[in-house]
Amino acid sequence: MIAAGAAVVLIAIVAVVALAGGGGDEERAEAPPECVRAWNSDPAAIAFGRHNYNGHGYEGALVTYLTDDAEEVDSAELGRCAVIFPAQALDPEPIAAGEVLRAGTWTPISELAGVELTRVGELQVLAAGAPNTRLASTGELAEL
């Protein structure tokens, strides 16, 4: 049953990427410095990053802003800091796909109310097309 659900999510992600033209040629803006600072100053976020580097093989990230509906926006006035780890499909452990900063705490994007796992997978595919930071083995974010 879980495998069937994962297959449906994967098919949906592939369809979205195909319709969007692949997403690989898109230029990404520089990572918002305040978001990188917030991540790198939080011991729990750094531990999460270290886990993702060592356990999931992530070496980069897309640092951006997301709304509560997990839509990417251009500024902190419109959204919250988010760190999304790049992949061609949703991480088998969806909480590892990325986090958003809510009320001073980094929270998995997959745990946002009303956000479907297909959207989390789409974000990972977008991040794979243009990460804007490097994930160090320490779990900290750094310039590319």
# chains A, B, ... in the order shown; residues from 1 in each chain; ligands from 1
$ select_by_dssp --residues "range 32-88 of chain A" --states "strand (DSSP E)" --output "list in words"
Gly60, Ala61, Leu62, Val63, Thr64, Tyr65, Leu66, Glu72, Val73, Arg80, Cys81, Ala82, Val83 and Ile84 of chain A
$ closest_atom_pairs --of "range 17-108 of chain A" --to "range 117-121 of chain A" --cutoff "9 Å" --atoms "only C-alpha atoms" --output "CSV"
residue,atom,partner,partner_atom,distance
A:Ala70,CA,A:Arg119,CA,7.4
A:Glu71,CA,A:Arg119,CA,8.8
A:Ile84,CA,A:Val120,CA,8.9
A:Ala87,CA,A:Gly121,CA,8.1
A:Gln88,CA,A:Gly121,CA,8.1
A:Ala89,CA,A:Gly121,CA,5.8
A:Leu90,CA,A:Gly121,CA,4.2
A:Asp91,CA,A:Gly121,CA,7.4
A:Pro94,CA,A:Leu117,CA,7.4
A:Ala97,CA,A:Val120,CA,7.0
A:Gly98,CA,A:Val120,CA,8.1
$ closest_residue --among "A:Pro92, A:Val125, A:Tyr65, A:Pro131" --to "Glu143 in chain A" --atoms "only C-alpha atoms"
A:Pro131
$ residues_around --residues "range 50-61 of chain A" --least-positions-apart "2" --cutoff "10 Å" --atoms "only C-alpha atoms" --output "JSON, numbers by chain"
{"A": [31, 44, 45, 46, 47, 48, 63, 64, 82, 83, 84, 85, 86, 87, 91, 92, 93, 96, 97, 98, 124, 127, 128, 130, 131, 132, 133, 134, 135, 136, 137, 138, 139, 140, 141, 142, 143, 144]}
$ closest_residue --among "A:Glu30, A:Asp42, A:Glu99, A:Glu72" --to "Leu112 in chain A" --atoms "only C-alpha atoms"
A:Glu99
$ residues_around --residues "Val100 in chain A" --least-positions-apart "3" --cutoff "8 Å" --atoms "only C-alpha atoms" --output "ChimeraX atom specification"
/A:66,80-83,106-109
$ select_by_dssp --residues "range 3-136 of chain A" --states "alpha helix (DSSP H)" --output "VMD selection string"
chain A and resid 3 to 19 33 to 40 43 to 56 117 to 129
